[in-house]
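Since the structure comes first, as structure tokens, the remarks are kept for the end.
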Amino acid sequence: MKKITVLQGDGVSDEILSSAIKVLDKVSDVFDIKFNYSYAPIGGRAYGIEGHPLPNSTIETCLNSDAVLLGAVGDWKYDTLEPSLRPEKALLGIRKALNLFANLRPVTVFDELLDSSPLKNEIAKDADIMIVRELTGDVYFGEPKGISTKKTLDGRQIKVGYNNMIYDEDEIERIARVAFDAASKRRKKVCLVDKANVLDVSRLFREVTTRVSKEFSDIELSFMYVDNCAMQLVLNPRQFDVILTGNIFGDILSDEASTIAGSLGMLASASMSDGKTPFMYEPIHGSAPDIKGKNIVNPIATILSAAMMLKYSFGQKEACDAIYRAVKEVLKDGYRTKDIFSNGNILCSTDEITDKIIERIYK
């Protein structure tokens, strides 16, 4: 019995999680894998219930599971809360509580969605990138941080905001190993993306990554500045295999790369620990409160996140591949949600495209 904690958040969270669970239930029947679901609130929903976006009870439920499946957090109605109580704060909190230091974001362009990509077909075709993003360091967690005041030369008091980009070599080494391990199962190339021409942190990142690379002699290591990488992702995404980078650069670049695939609604992610705590899986898109309850959100990113869970947490690669195959068949047959729809396709609701995917899951 595989124990899954389902983190119910905000906006379209319920709709996309419902789709993923329906798919997992079909996988359970086809592959004889038993799942037990526990539900816990997070984000704005948790604030409404417990007065905090990440209650201790939610953390405990996650720690007592084999894997965690998250929908999304965030809603405009919580924007007036103090920063520590906003839904998005729960994301940083749960990553820290579960020691989720490595985020894997695969960017795969389905041939059937080439026309949905903003890039020319000949540029986007066959792009297949794994972005390995460090998740618990950098400016999001560095201390000290905050907003204070200072006196100017003319005697005025003005506000000053500050965040610190901080990494130690142990943090760098462990994420580098994740990247090299991922590359060993792919095309054996790692590109470290940084800003080593101006940032001391990036220079340390290069030093430690280079040291680790000596243990992986069959893998090619290259370096690229983050501004150039942002450009190269749209000029020639096929040049990349595994991109290794820090938290803030990875946050930005993975969202940029997602557009290559045609929609944020297509990209899954896995957040991984050292194995002592459960991994967490989630779509990379937000909560989209403006379309909540309309049955139009694309559930594929969440469904593919569940597929990643089968592979990385449960060692069920055949079941994972069956979901990917089902998604590809549905797209080949022309079924689309609104975000990836174009003339000649068949427009589907969230429920309809989920049902189409379920019909195509088999051994």
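If you're wondering about the labels, chains in the structure tokens are A, B, ... by order shown, residues count from 1 in each chain, ligands from 1 in order shown.
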Assign secondary structure with DSSP using the backbone only, and return the residues of region 236-344 of chain A in helix (DSSP H, G or I) as a PyMOL selection string. chain A and resi 237-239+247-261+264-266+289-291+300-312+317-332+338-340
Region 21-88 of chain A: residues DSSP assigns to strand (DSSP E or B), reported as a list in words: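 Result set for region 21-88 of chain A (strand (DSSP E or B)): Phe35, Asn36, Tyr37, Ser38, Tyr39, Ala40, Pro41, Ala67, Val68, Leu69 and Leu70 of chain A.
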Would you mind telling me which residue in A:Asp66, A:Glu15, A:Asp181, A:Asp218 lies nearest to Leu310 (chain A) when using only C-alpha atoms? A:Asp66
Any idea what's packed within 9 Å of region 322-338 of chain A, counting only C-alpha atoms, ignoring anything in its chain fewer than 3 positions away? Could you give it as an NGL selection string? :A and (23 or 27 or 110-113 or 296-300 or 303-304 or 306-307 or 317-319 or 341-342 or 344-350 or 352-353 or 356-363)
How close does each residue of region 264-329 of chain A get to region 117-131 of chain A, giving the shortest atom pair and distance in Å to one decimal for every residue with an atom at most 12 Å away, counting only C-alpha atoms, sorted by chain and residue number, as JSON lines?
```
{"residue": "A:Leu264", "atom": "CA", "partner": "A:Ser117", "partner_atom": "CA", "distance": 10.9}
{"residue": "A:Met266", "atom": "CA", "partner": "A:Ser117", "partner_atom": "CA", "distance": 11.4}
{"residue": "A:Leu267", "atom": "CA", "partner": "A:Met130", "partner_atom": "CA", "distance": 11.2}
{"residue": "A:Ala268", "atom": "CA", "partner": "A:Met130", "partner_atom": "CA", "distance": 11.1}
{"residue": "A:Ser269", "atom": "CA", "partner": "A:Ile131", "partner_atom": "CA", "distance": 9.6}
{"residue": "A:Ala270", "atom": "CA", "partner": "A:Ile131", "partner_atom": "CA", "distance": 10.7}
{"residue": "A:Ser271", "atom": "CA", "partner": "A:Ile131", "partner_atom": "CA", "distance": 11.7}
```
As a list of chain:residue names, please: the residues near Glu220 (chain A) (cut-off 7 Å, only C-alpha atoms, same-chain neighbours under 5 positions excluded). A:Lys188, A:Lys189, A:Val190
Determine the nearest neighbour of Ala20 (chain A) from the options A:Leu69, A:Gly262, A:Lys34, A:Asp290, counting only C-alpha atoms.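 Counting only C-alpha atoms, the residue closest to Ala20 (chain A) is A:Leu69.
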Residue nearest Arg187 (chain A) - candidates A:Val242, A:Ile172, A:Met165, A:Leu54, atoms counted: only C-alpha atoms: A:Val242
Excluding Gly246 (chain A) and its own-chain neighbours fewer than 5 positions away, which residues fall within 10 Å of it when counting only C-alpha atoms? Please give them as an MDAnalysis selection string. chainID A and resid 102 132:139 165 167 172 175 192:194 201:202 205 251
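The environment of Lys195 (chain A) within 9 Å, counting only C-alpha atoms and disregarding residues fewer than 3 places along the same chain, consists of Val198, Leu199, Asp200, Val201, Ser202, Arg203, Met224, Tyr225, Val226 and Asp227 of chain A.
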What would the file look like if the residues just selected were written as a PDB file, in the first residue's frame with C-alpha atoms?
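Done, and the output landed in again_18.pdb:
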```
ATOM      1  CA  VAL A 198      29.836  38.936 -11.066  1.00  0.00           C
ATOM      2  CA  LEU A 199      28.681  36.665  -8.214  1.00  0.00           C
ATOM      3  CA  ASP A 200      30.964  35.012  -5.657  1.00  0.00           C
ATOM      4  CA  VAL A 201      28.259  32.421  -4.999  1.00  0.00           C
ATOM      5  CA  SER A 202      28.361  31.395  -8.655  1.00  0.00           C
ATOM      6  CA  ARG A 203      32.137  31.062  -8.592  1.00  0.00           C
ATOM      7  CA  MET A 224      26.705  29.304 -19.282  1.00  0.00           C
ATOM      8  CA  TYR A 225      25.770  32.672 -17.818  1.00  0.00           C
ATOM      9  CA  VAL A 226      22.106  32.918 -16.911  1.00  0.00           C
ATOM     10  CA  ASP A 227      21.366  35.837 -19.248  1.00  0.00           C
TER      11      ASP A 227
END
```
10 Å contact set for Pro41 (chain A), only C-alpha atoms, chain neighbours under 6 positions out, as a ChimeraX atom specification: /A:6-10,47-50,53-55,57-59,70
Kindly indicate which residue among A:Leu17, A:Ile248, A:Ile4, A:Leu233 lies nearest to Tyr37 (chain A), using only C-alpha atoms for the distances.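 Using only C-alpha atoms, the shortest distance to Tyr37 (chain A) belongs to A:Ile4.
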Atom pair CA of Ala183 (chain A) / CA of Lys3 (chain A): separation (Å):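 Going from CA of Ala183 (chain A) over to CA of Lys3 (chain A) covers 29.3 Å.
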Which of A:Tyr312, A:Asn163, A:Thr259, A:Glu143 sits closest to Pro278 (chain A) [using only C-alpha atoms]: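 Looking at the shortest contact to Pro278 (chain A), the residue is A:Tyr312.
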Report the distance between CA of Arg177 (chain A) and CA of Asp274 (chain A) in Å, rounded to one decimal place. 11.4 Å
